[in-house]
>>> print(open('final.cif').read())   # mmCIF, C-alpha atoms and all ligand atoms; chains and numbers go by the auth columns
data_data
#
loop_
_atom_site.group_PDB
_atom_site.id
_atom_site.type_symbol
_atom_site.label_atom_id
_atom_site.label_comp_id
_atom_site.label_asym_id
_atom_site.label_seq_id
_atom_site.Cartn_x
_atom_site.Cartn_y
_atom_site.Cartn_z
_atom_site.B_iso_or_equiv
_atom_site.auth_seq_id
_atom_site.auth_asym_id
ATOM 1 C CA MET A 1 -202.233 -26.491 -59.790 0.00 1 A
ATOM 2 C CA LYS A 2 -200.268 -28.614 -57.338 0.00 2 A
ATOM 3 C CA LYS A 3 -202.901 -28.044 -54.657 0.00 3 A
ATOM 4 C CA ILE A 4 -205.620 -29.391 -56.935 0.00 4 A
ATOM 5 C CA ASN A 5 -203.600 -32.598 -57.471 0.00 5 A
ATOM 6 C CA VAL A 6 -203.217 -33.098 -53.731 0.00 6 A
ATOM 7 C CA MET A 7 -206.975 -32.662 -53.197 0.00 7 A
ATOM 8 C CA ASP A 8 -207.709 -35.070 -56.059 0.00 8 A
ATOM 9 C CA ARG A 9 -205.568 -37.668 -54.310 0.00 9 A
ATOM 10 C CA VAL A 10 -207.334 -37.029 -50.997 0.00 10 A
ATOM 11 C CA TYR A 11 -210.746 -37.490 -52.634 0.00 11 A
ATOM 12 C CA ALA A 12 -209.578 -40.626 -54.512 0.00 12 A
ATOM 13 C CA ALA A 13 -208.224 -42.250 -51.328 0.00 13 A
ATOM 14 C CA ASN A 14 -211.425 -41.345 -49.510 0.00 14 A
ATOM 15 C CA GLU A 15 -213.494 -42.864 -52.298 0.00 15 A
ATOM 16 C CA GLU A 16 -211.689 -46.217 -51.887 0.00 16 A
ATOM 17 C CA TRP A 17 -212.558 -46.292 -48.186 0.00 17 A
ATOM 18 C CA ALA A 18 -216.127 -45.211 -48.968 0.00 18 A
ATOM 19 C CA GLU A 19 -216.413 -48.186 -51.325 0.00 19 A
ATOM 20 C CA ALA A 20 -215.041 -50.466 -48.575 0.00 20 A
ATOM 21 C CA ASN A 21 -217.705 -49.069 -46.226 0.00 21 A
ATOM 22 C CA ARG A 22 -220.458 -49.694 -48.772 0.00 22 A
ATOM 23 C CA ASN A 23 -219.312 -53.331 -49.049 0.00 23 A
ATOM 24 C CA LEU A 24 -219.113 -53.714 -45.267 0.00 24 A
ATOM 25 C CA LEU A 25 -222.605 -52.250 -44.832 0.00 25 A
ATOM 26 C CA LYS A 26 -223.956 -54.557 -47.535 0.00 26 A
ATOM 27 C CA GLU A 27 -222.368 -57.649 -45.941 0.00 27 A
ATOM 28 C CA ASN A 28 -224.013 -56.704 -42.656 0.00 28 A
ATOM 29 C CA GLY A 29 -227.371 -55.758 -44.177 0.00 29 A
ATOM 30 C CA SER A 30 -227.101 -52.223 -42.761 0.00 30 A
ATOM 31 C CA VAL A 31 -228.295 -48.823 -43.856 0.00 31 A
ATOM 32 C CA MET A 32 -226.076 -45.876 -42.874 0.00 32 A
ATOM 33 C CA LEU A 33 -227.271 -42.266 -42.653 0.00 33 A
ATOM 34 C CA ASN A 34 -224.890 -39.296 -42.550 0.00 34 A
ATOM 35 C CA LEU A 35 -226.414 -36.487 -40.425 0.00 35 A
ATOM 36 C CA ILE A 36 -224.989 -33.086 -41.286 0.00 36 A
ATOM 37 C CA GLY A 37 -225.791 -29.718 -39.703 0.00 37 A
ATOM 38 C CA SER A 38 -224.350 -26.787 -37.764 0.00 38 A
ATOM 39 C CA PRO A 39 -223.103 -27.106 -34.197 0.00 39 A
ATOM 40 C CA GLY A 40 -226.167 -26.940 -31.955 0.00 40 A
ATOM 41 C CA ALA A 41 -228.684 -27.712 -34.718 0.00 41 A
ATOM 42 C CA GLY A 42 -230.041 -30.612 -32.687 0.00 42 A
ATOM 43 C CA LYS A 43 -228.339 -33.572 -34.412 0.00 43 A
ATOM 44 C CA THR A 44 -227.636 -35.464 -31.189 0.00 44 A
ATOM 45 C CA ALA A 45 -231.074 -34.606 -29.801 0.00 45 A
ATOM 46 C CA LEU A 46 -232.651 -35.929 -33.018 0.00 46 A
ATOM 47 C CA ILE A 47 -230.710 -39.193 -32.630 0.00 47 A
ATOM 48 C CA GLU A 48 -231.718 -39.433 -28.955 0.00 48 A
ATOM 49 C CA GLN A 49 -235.388 -39.050 -29.892 0.00 49 A
ATOM 50 C CA THR A 50 -235.148 -41.372 -32.896 0.00 50 A
ATOM 51 C CA ILE A 51 -233.425 -44.400 -31.299 0.00 51 A
ATOM 52 C CA PRO A 52 -236.331 -45.449 -29.023 0.00 52 A
ATOM 53 C CA ARG A 53 -238.762 -44.993 -31.929 0.00 53 A
ATOM 54 C CA VAL A 54 -236.894 -47.326 -34.322 0.00 54 A
ATOM 55 C CA SER A 55 -235.766 -49.973 -31.876 0.00 55 A
ATOM 56 C CA ASP A 56 -238.826 -52.199 -32.447 0.00 56 A
ATOM 57 C CA PHE A 57 -238.044 -52.633 -36.167 0.00 57 A
ATOM 58 C CA ARG A 58 -234.293 -51.896 -36.409 0.00 58 A
ATOM 59 C CA SER A 59 -231.131 -52.456 -34.412 0.00 59 A
ATOM 60 C CA PRO A 60 -229.566 -48.979 -34.360 0.00 60 A
ATOM 61 C CA ALA A 61 -225.984 -47.916 -33.628 0.00 61 A
ATOM 62 C CA VAL A 62 -224.370 -44.494 -33.744 0.00 62 A
ATOM 63 C CA ILE A 63 -221.040 -43.051 -34.874 0.00 63 A
ATOM 64 C CA GLU A 64 -220.335 -39.634 -33.394 0.00 64 A
ATOM 65 C CA GLY A 65 -217.904 -37.141 -34.932 0.00 65 A
ATOM 66 C CA ASP A 66 -216.575 -34.177 -32.967 0.00 66 A
ATOM 67 C CA LEU A 67 -213.303 -32.330 -32.708 0.00 67 A
ATOM 68 C CA ALA A 68 -213.045 -33.176 -29.019 0.00 68 A
ATOM 69 C CA THR A 69 -214.826 -34.929 -26.123 0.00 69 A
ATOM 70 C CA SER A 70 -217.067 -37.993 -26.028 0.00 70 A
ATOM 71 C CA ARG A 71 -220.079 -36.018 -24.791 0.00 71 A
ATOM 72 C CA ASP A 72 -222.374 -36.930 -27.676 0.00 72 A
ATOM 73 C CA ALA A 73 -221.519 -40.653 -27.569 0.00 73 A
ATOM 74 C CA ASP A 74 -222.176 -40.582 -23.814 0.00 74 A
ATOM 75 C CA ARG A 75 -225.574 -38.959 -24.414 0.00 75 A
ATOM 76 C CA VAL A 76 -226.521 -41.484 -27.091 0.00 76 A
ATOM 77 C CA ARG A 77 -225.478 -44.524 -25.006 0.00 77 A
ATOM 78 C CA LYS A 78 -228.118 -43.536 -22.452 0.00 78 A
ATOM 79 C CA THR A 79 -230.736 -44.573 -25.037 0.00 79 A
ATOM 80 C CA GLY A 80 -229.319 -48.105 -24.921 0.00 80 A
ATOM 81 C CA ALA A 81 -227.787 -47.972 -28.406 0.00 81 A
ATOM 82 C CA PRO A 82 -224.039 -48.473 -28.831 0.00 82 A
ATOM 83 C CA ALA A 83 -222.084 -45.393 -29.878 0.00 83 A
ATOM 84 C CA TYR A 84 -218.527 -44.988 -31.156 0.00 84 A
ATOM 85 C CA GLN A 85 -216.958 -41.555 -30.712 0.00 85 A
ATOM 86 C CA ILE A 86 -214.483 -40.251 -33.285 0.00 86 A
ATOM 87 C CA ASN A 87 -212.431 -37.177 -32.348 0.00 87 A
ATOM 88 C CA THR A 88 -211.007 -35.423 -35.388 0.00 88 A
ATOM 89 C CA GLY A 89 -208.782 -32.962 -33.480 0.00 89 A
ATOM 90 C CA SER A 90 -208.894 -30.083 -35.910 0.00 90 A
ATOM 91 C CA GLY A 91 -210.616 -31.904 -38.790 0.00 91 A
ATOM 92 C CA CYS A 92 -213.859 -30.275 -39.919 0.00 92 A
ATOM 93 C CA HIS A 93 -215.440 -33.494 -41.254 0.00 93 A
ATOM 94 C CA LEU A 94 -215.398 -37.275 -40.949 0.00 94 A
ATOM 95 C CA ASN A 95 -213.671 -39.248 -43.662 0.00 95 A
ATOM 96 C CA ALA A 96 -214.487 -42.741 -44.855 0.00 96 A
ATOM 97 C CA ARG A 97 -211.381 -44.330 -43.248 0.00 97 A
ATOM 98 C CA LEU A 98 -212.350 -43.063 -39.772 0.00 98 A
ATOM 99 C CA VAL A 99 -215.885 -44.334 -40.286 0.00 99 A
ATOM 100 C CA ASN A 100 -214.514 -47.734 -41.385 0.00 100 A
ATOM 101 C CA THR A 101 -212.699 -48.144 -38.049 0.00 101 A
ATOM 102 C CA ALA A 102 -215.891 -47.202 -36.188 0.00 102 A
ATOM 103 C CA LEU A 103 -218.045 -49.632 -38.209 0.00 103 A
ATOM 104 C CA LEU A 104 -215.646 -52.536 -37.580 0.00 104 A
ATOM 105 C CA ASP A 105 -215.720 -51.811 -33.846 0.00 105 A
ATOM 106 C CA LEU A 106 -219.531 -51.610 -33.729 0.00 106 A
ATOM 107 C CA TYR A 107 -219.955 -54.859 -35.698 0.00 107 A
ATOM 108 C CA LYS A 108 -217.563 -56.646 -33.315 0.00 108 A
ATOM 109 C CA LYS A 109 -220.039 -55.958 -30.526 0.00 109 A
ATOM 110 C CA GLY A 110 -223.183 -57.013 -32.386 0.00 110 A
ATOM 111 C CA GLY A 111 -225.289 -56.842 -35.518 0.00 111 A
ATOM 112 C CA HIS A 112 -226.652 -53.405 -36.340 0.00 112 A
ATOM 113 C CA ASP A 113 -228.788 -52.638 -39.349 0.00 113 A
ATOM 114 C CA LEU A 114 -229.340 -48.889 -38.975 0.00 114 A
ATOM 115 C CA ILE A 115 -226.244 -46.763 -38.431 0.00 115 A
ATOM 116 C CA PHE A 116 -226.595 -43.056 -37.700 0.00 116 A
ATOM 117 C CA VAL A 117 -223.444 -41.014 -38.246 0.00 117 A
ATOM 118 C CA GLU A 118 -223.421 -37.576 -36.646 0.00 118 A
ATOM 119 C CA ASN A 119 -220.856 -35.691 -38.683 0.00 119 A
ATOM 120 C CA VAL A 120 -218.713 -32.849 -37.340 0.00 120 A
ATOM 121 C CA GLY A 121 -220.916 -29.766 -36.967 0.00 121 A
ATOM 122 C CA ASN A 122 -220.783 -27.512 -40.019 0.00 122 A
ATOM 123 C CA LEU A 123 -222.579 -27.076 -43.312 0.00 123 A
ATOM 124 C CA VAL A 124 -219.522 -27.125 -45.579 0.00 124 A
ATOM 125 C CA CYS A 125 -216.838 -29.855 -45.519 0.00 125 A
ATOM 126 C CA PRO A 126 -218.959 -32.821 -44.342 0.00 126 A
ATOM 127 C CA ALA A 127 -221.010 -32.437 -47.536 0.00 127 A
ATOM 128 C CA GLU A 128 -217.894 -32.915 -49.698 0.00 128 A
ATOM 129 C CA PHE A 129 -216.736 -36.242 -48.262 0.00 129 A
ATOM 130 C CA ASP A 130 -218.514 -39.470 -49.134 0.00 130 A
ATOM 131 C CA ILE A 131 -218.335 -41.878 -46.193 0.00 131 A
ATOM 132 C CA GLY A 132 -220.166 -44.686 -47.987 0.00 132 A
ATOM 133 C CA GLU A 133 -223.541 -43.668 -46.573 0.00 133 A
ATOM 134 C CA HIS A 134 -226.873 -44.576 -48.150 0.00 134 A
ATOM 135 C CA ALA A 135 -228.128 -41.035 -47.638 0.00 135 A
ATOM 136 C CA LYS A 136 -227.096 -37.676 -46.291 0.00 136 A
ATOM 137 C CA ILE A 137 -229.621 -36.074 -43.943 0.00 137 A
ATOM 138 C CA ALA A 138 -229.427 -32.315 -43.438 0.00 138 A
ATOM 139 C CA VAL A 139 -230.403 -30.991 -40.007 0.00 139 A
ATOM 140 C CA LEU A 140 -231.317 -27.306 -39.708 0.00 140 A
ATOM 141 C CA SER A 141 -232.806 -25.553 -36.684 0.00 141 A
ATOM 142 C CA VAL A 142 -235.217 -22.635 -36.941 0.00 142 A
ATOM 143 C CA ALA A 143 -232.793 -20.595 -34.806 0.00 143 A
ATOM 144 C CA GLU A 144 -230.204 -20.592 -37.633 0.00 144 A
ATOM 145 C CA GLY A 145 -232.226 -18.472 -40.054 0.00 145 A
ATOM 146 C CA ASP A 146 -234.154 -19.371 -43.188 0.00 146 A
ATOM 147 C CA ASP A 147 -231.441 -18.345 -45.669 0.00 147 A
ATOM 148 C CA LYS A 148 -229.166 -21.333 -45.067 0.00 148 A
ATOM 149 C CA ILE A 149 -230.412 -23.483 -47.940 0.00 149 A
ATOM 150 C CA GLU A 150 -229.493 -20.741 -50.403 0.00 150 A
ATOM 151 C CA LYS A 151 -226.138 -20.057 -48.723 0.00 151 A
ATOM 152 C CA TYR A 152 -224.985 -23.680 -48.434 0.00 152 A
ATOM 153 C CA PRO A 153 -226.495 -25.302 -51.537 0.00 153 A
ATOM 154 C CA LEU A 154 -224.016 -28.182 -51.821 0.00 154 A
ATOM 155 C CA LEU A 155 -225.217 -29.926 -48.665 0.00 155 A
ATOM 156 C CA PHE A 156 -228.910 -29.395 -49.332 0.00 156 A
ATOM 157 C CA ALA A 157 -228.648 -30.504 -52.951 0.00 157 A
ATOM 158 C CA ARG A 158 -226.995 -33.736 -51.807 0.00 158 A
ATOM 159 C CA ALA A 159 -229.197 -34.447 -48.791 0.00 159 A
ATOM 160 C CA SER A 160 -232.019 -36.961 -49.342 0.00 160 A
ATOM 161 C CA ALA A 161 -233.970 -35.446 -46.464 0.00 161 A
ATOM 162 C CA LEU A 162 -234.067 -32.253 -44.443 0.00 162 A
ATOM 163 C CA VAL A 163 -235.000 -32.329 -40.770 0.00 163 A
ATOM 164 C CA VAL A 164 -235.993 -28.909 -39.428 0.00 164 A
ATOM 165 C CA THR A 165 -235.562 -28.865 -35.654 0.00 165 A
ATOM 166 C CA LYS A 166 -236.577 -26.547 -32.800 0.00 166 A
ATOM 167 C CA ILE A 167 -239.988 -25.842 -34.308 0.00 167 A
ATOM 168 C CA ASP A 168 -241.088 -25.101 -30.726 0.00 168 A
ATOM 169 C CA LEU A 169 -239.019 -21.894 -30.988 0.00 169 A
ATOM 170 C CA LEU A 170 -240.693 -20.713 -34.190 0.00 170 A
ATOM 171 C CA ALA A 171 -242.673 -17.902 -32.555 0.00 171 A
ATOM 172 C CA HIS A 172 -239.450 -16.361 -31.278 0.00 172 A
ATOM 173 C CA THR A 173 -237.794 -16.200 -34.720 0.00 173 A
ATOM 174 C CA ASP A 174 -238.488 -14.869 -38.225 0.00 174 A
ATOM 175 C CA PHE A 175 -237.912 -18.304 -39.757 0.00 175 A
ATOM 176 C CA ARG A 176 -240.232 -19.069 -42.696 0.00 176 A
ATOM 177 C CA THR A 177 -240.756 -22.823 -42.816 0.00 177 A
ATOM 178 C CA GLU A 178 -242.510 -22.786 -46.204 0.00 178 A
ATOM 179 C CA LYS A 179 -239.659 -20.772 -47.765 0.00 179 A
ATOM 180 C CA VAL A 180 -237.094 -23.264 -46.483 0.00 180 A
ATOM 181 C CA LYS A 181 -239.122 -26.172 -47.805 0.00 181 A
ATOM 182 C CA ARG A 182 -239.425 -24.486 -51.187 0.00 182 A
ATOM 183 C CA ASP A 183 -235.694 -23.625 -51.326 0.00 183 A
ATOM 184 C CA TYR A 184 -234.784 -27.200 -50.456 0.00 184 A
ATOM 185 C CA GLU A 185 -237.178 -28.729 -52.976 0.00 185 A
ATOM 186 C CA ARG A 186 -235.857 -26.400 -55.666 0.00 186 A
ATOM 187 C CA LEU A 187 -232.353 -27.839 -55.127 0.00 187 A
ATOM 188 C CA ASN A 188 -233.522 -31.358 -54.526 0.00 188 A
ATOM 189 C CA LYS A 189 -236.754 -32.345 -56.237 0.00 189 A
ATOM 190 C CA ARG A 190 -237.038 -35.703 -54.470 0.00 190 A
ATOM 191 C CA GLY A 191 -235.961 -34.417 -51.039 0.00 191 A
ATOM 192 C CA ARG A 192 -238.314 -34.934 -48.096 0.00 192 A
ATOM 193 C CA THR A 193 -238.727 -32.340 -45.337 0.00 193 A
ATOM 194 C CA PHE A 194 -239.576 -33.254 -41.743 0.00 194 A
ATOM 195 C CA ILE A 195 -240.274 -30.745 -38.982 0.00 195 A
ATOM 196 C CA VAL A 196 -239.663 -31.729 -35.371 0.00 196 A
ATOM 197 C CA ASP A 197 -239.432 -30.553 -31.794 0.00 197 A
ATOM 198 C CA ASN A 198 -236.688 -32.610 -30.170 0.00 198 A
ATOM 199 C CA LEU A 199 -237.438 -31.345 -26.694 0.00 199 A
ATOM 200 C CA ARG A 200 -241.033 -32.563 -26.536 0.00 200 A
ATOM 201 C CA GLY A 201 -240.559 -35.285 -29.126 0.00 201 A
ATOM 202 C CA ASP A 202 -243.238 -33.878 -31.466 0.00 202 A
ATOM 203 C CA GLY A 203 -243.509 -34.333 -35.220 0.00 203 A
ATOM 204 C CA PHE A 204 -241.666 -37.653 -35.460 0.00 204 A
ATOM 205 C CA ASP A 205 -244.219 -39.791 -37.337 0.00 205 A
ATOM 206 C CA GLY A 206 -243.153 -38.810 -40.873 0.00 206 A
ATOM 207 C CA TRP A 207 -239.440 -39.104 -40.061 0.00 207 A
ATOM 208 C CA ILE A 208 -239.880 -42.569 -38.523 0.00 208 A
ATOM 209 C CA GLU A 209 -242.000 -43.673 -41.501 0.00 209 A
ATOM 210 C CA PHE A 210 -239.162 -42.487 -43.802 0.00 210 A
ATOM 211 C CA LEU A 211 -236.655 -44.574 -41.776 0.00 211 A
ATOM 212 C CA LYS A 212 -238.942 -47.609 -41.939 0.00 212 A
ATOM 213 C CA ARG A 213 -238.889 -47.495 -45.728 0.00 213 A
ATOM 214 C CA LEU A 214 -235.109 -47.345 -46.119 0.00 214 A
HETATM 215 N N1 LIG B . -236.053 -25.948 -27.958 0.00 301 B
HETATM 216 C C1 LIG B . -235.406 -26.915 -28.588 0.00 301 B
HETATM 217 N N2 LIG B . -234.130 -27.161 -28.266 0.00 301 B
HETATM 218 C C2 LIG B . -233.496 -28.163 -28.915 0.00 301 B
HETATM 219 C C3 LIG B . -234.106 -28.933 -29.934 0.00 301 B
HETATM 220 N N3 LIG B . -233.192 -29.800 -30.402 0.00 301 B
HETATM 221 C C4 LIG B . -232.072 -29.609 -29.695 0.00 301 B
HETATM 222 N N4 LIG B . -232.246 -28.622 -28.798 0.00 301 B
HETATM 223 C C5 LIG B . -231.263 -28.086 -27.850 0.00 301 B
HETATM 224 O O1 LIG B . -230.231 -27.453 -28.606 0.00 301 B
HETATM 225 C C6 LIG B . -228.974 -27.669 -28.007 0.00 301 B
HETATM 226 C C7 LIG B . -228.040 -28.351 -28.998 0.00 301 B
HETATM 227 O O2 LIG B . -228.558 -29.638 -29.298 0.00 301 B
HETATM 228 P P1 LIG B . -227.619 -30.831 -29.748 0.00 301 B
HETATM 229 O O3 LIG B . -228.472 -32.020 -29.969 0.00 301 B
HETATM 230 O O4 LIG B . -226.475 -30.973 -28.798 0.00 301 B
HETATM 231 O O5 LIG B . -227.069 -30.237 -31.131 0.00 301 B
HETATM 232 P P2 LIG B . -225.895 -30.782 -32.103 0.00 301 B
HETATM 233 O O6 LIG B . -224.704 -29.959 -31.805 0.00 301 B
HETATM 234 O O7 LIG B . -226.407 -30.537 -33.491 0.00 301 B
HETATM 235 O O8 LIG B . -225.712 -32.239 -31.802 0.00 301 B
HETATM 236 C C8 LIG B . -229.231 -28.529 -26.757 0.00 301 B
HETATM 237 O O9 LIG B . -229.306 -27.664 -25.642 0.00 301 B
HETATM 238 C C9 LIG B . -230.570 -29.173 -27.059 0.00 301 B
HETATM 239 O O10 LIG B . -231.303 -29.495 -25.903 0.00 301 B
HETATM 240 C C10 LIG B . -235.477 -28.653 -30.253 0.00 301 B
HETATM 241 O O11 LIG B . -236.100 -29.253 -31.149 0.00 301 B
HETATM 242 N N5 LIG B . -236.059 -27.625 -29.547 0.00 301 B
HETATM 243 MG MG MG B . -224.020 -33.273 -31.321 0.00 302 B
#
>>> encode(input="final.cif", output="structure tokens")
Amino acid sequence: MKKINVMDRVYAANEEWAEANRNLLKENGSVMLNLIGSPGAGKTALIEQTIPRVSDFRSPAVIEGDLATSRDADRVRKTGAPAYQINTGSGCHLNARLVNTALLDLYKKGGHDLIFVENVGNLVCPAEFDIGEHAKIAVLSVAEGDDKIEKYPLLFARASALVVTKIDLLAHTDFRTEKVKRDYERLNKRGRTFIVDNLRGDGFDGWIEFLKRL
């Protein structure tokens, strides 16, 4: 019983910071997307491919969440976009307070109207914490297996879009793309599915069109 009260307080405090983030984003005319997927799903690679494709109509910036290292922020900065690295230590997700600090830092350096947040890699806790984002985006690679929508329904029910990555590896797996699409749409009737190859940069038109309309 006591444990539940503690978690309620954690969620309530997080919700206040999430509201602060929503206000901050609104003041700055920004849209923020919360990218959630397993370690190695291709979240950073998706951001690397996306930044050059949105830069003619948006001013993107990136918030990176990892337990340790600034490797992903370093990768993203090579695209020319600013990136703020958060290290959570042992924390399995970003919270809204951490994201608030990152947003304030990014806005100090310039105006940005499309913020990508790469959450800590896993399909569980990042889905539970609102960071004030406009939309959650689930990232799933074909190498992870086609049962993940059914096994981790919370994330996929809450995600406004699903990006399936590593489609170039399809022939080497038993991944059924249509099944995954169906499973996702069953949980999320308005969810959009995009299928990409981050290595060659194929399949990006629909995803970029989706970003244009945000
Ligand atoms: N073949 C292939 N490899 C990919 C693709 N996307 C990412 N990778 C590779 O998968 C590994 C993990 O990618 P990364 O972007 O770091 O994943 P993250 O942990 O989700 O950020 C890297 O070696 C990437 O080059 C893809 O679409 N196809
Ligand atoms: Mg990454």
>>> closest_atom_pairs(input="final.cif", of="chain A", to="ligand LIG 301 (chain B)", cutoff="10 Å", atoms="only C-alpha atoms and all ligand atoms", output="tab-separated table")
residue	atom	partner	partner_atom	distance
A:Leu35	CA	B:LIG301	O7	9.1
A:Ile36	CA	B:LIG301	O7	8.3
A:Gly37	CA	B:LIG301	O7	6.3
A:Ser38	CA	B:LIG301	O7	6.0
A:Pro39	CA	B:LIG301	O6	4.1
A:Gly40	CA	B:LIG301	O6	3.4
A:Ala41	CA	B:LIG301	O7	3.8
A:Gly42	CA	B:LIG301	O5	3.4
A:Lys43	CA	B:LIG301	O7	3.7
A:Thr44	CA	B:LIG301	O3	3.7
A:Ala45	CA	B:LIG301	O3	3.7
A:Leu46	CA	B:LIG301	O3	6.5
A:Ile47	CA	B:LIG301	O3	8.0
A:Glu48	CA	B:LIG301	O3	8.2
A:Gln49	CA	B:LIG301	N3	9.5
A:Glu64	CA	B:LIG301	O8	9.3
A:Gly65	CA	B:LIG301	O8	9.7
A:Asp66	CA	B:LIG301	O6	9.2
A:Arg71	CA	B:LIG301	O4	9.1
A:Asp72	CA	B:LIG301	O8	7.1
A:Arg75	CA	B:LIG301	O4	9.2
A:Glu118	CA	B:LIG301	O8	7.6
A:Asn119	CA	B:LIG301	O8	9.1
A:Val120	CA	B:LIG301	O6	8.7
A:Gly121	CA	B:LIG301	O6	6.4
A:Asn122	CA	B:LIG301	O7	9.1
A:Val139	CA	B:LIG301	O7	7.7
A:Leu140	CA	B:LIG301	O7	8.6
A:Ser141	CA	B:LIG301	O11	7.4
A:Val142	CA	B:LIG301	O11	8.8
A:Ala143	CA	B:LIG301	C1	9.2
A:Val164	CA	B:LIG301	O11	8.3
A:Thr165	CA	B:LIG301	O11	4.6
A:Lys166	CA	B:LIG301	O11	3.2
A:Ile167	CA	B:LIG301	O11	6.1
A:Asp168	CA	B:LIG301	N5	5.7
A:Leu169	CA	B:LIG301	N1	5.9
A:Leu170	CA	B:LIG301	N1	9.4
A:Ile195	CA	B:LIG301	O11	9.0
A:Val196	CA	B:LIG301	O11	6.1
A:Asp197	CA	B:LIG301	O11	3.6
A:Asn198	CA	B:LIG301	O11	3.5
A:Leu199	CA	B:LIG301	C10	4.9
A:Arg200	CA	B:LIG301	O11	7.5
A:Gly201	CA	B:LIG301	O11	7.8
A:Asp202	CA	B:LIG301	O11	8.5
A:Gly203	CA	B:LIG301	O11	9.9
>>> atom_distance(input="final.cif", atom1="CA of Leu103 (chain A)", atom2="CA of Thr50 (chain A)")
19.7 Å
>>> resolve_selection(input="final.cif", expression="the PyMOL selection byres (((chain A and resi 61) around 9) and not hetatm)", output="list in words")
Ile51, Ser59, Pro60, Val62, Ile63, Ala81, Pro82, Ala83, Tyr84, Leu106, His112, Asp113, Leu114, Ile115, Phe116 and Val117 of chain A
>>> closest_residue(input="final.cif", among="A:Thr173, A:Asn95, A:Ser55, A:Thr101", to="Gly80 (chain A)", atoms="only C-alpha atoms")
A:Ser55
>>> closest_residue(input="final.cif", among="A:Asn23, A:Thr177, A:Asn5, A:Thr69", to="ligand MG 302 (chain B)", atoms="all atoms listed in the file")
A:Thr69
>>> closest_residue(input="final.cif", among="A:Ala13, A:Leu67, A:Leu187, A:Val31", to="ligand MG 302 (chain B)", atoms="all atoms listed in the file")
A:Leu67
>>> residues_around(input="final.cif", residues="Lys136 (chain A)", least_positions_apart="5", cutoff="10 Å", atoms="all atoms listed in the file", output="PyMOL selection string")
chain A and resi 32-36+117+126-127+130-131+155-162
>>> atom_distance(input="final.cif", atom1="CA of Asp174 (chain A)", atom2="CA of Lys151 (chain A)")
17.0 Å
>>> atom_distance(input="final.cif", atom1="CA of Ser90 (chain A)", atom2="CA of Cys125 (chain A)")
12.5 Å
>>> resolve_selection(input="final.cif", expression="the PyMOL selection byres (((chain A and resi 207) around 9) and not hetatm)", output="list in words")
Thr50, Val163, Thr193, Phe194, Ile195, Val196, Gly203, Phe204, Asp205, Gly206, Ile208, Glu209, Phe210, Leu211 and Lys212 of chain A
>>> closest_residue(input="final.cif", among="A:Leu214, A:Leu24, A:Val124, A:Val76", to="ligand MG 302 (chain B)", atoms="all atoms listed in the file")
A:Val76
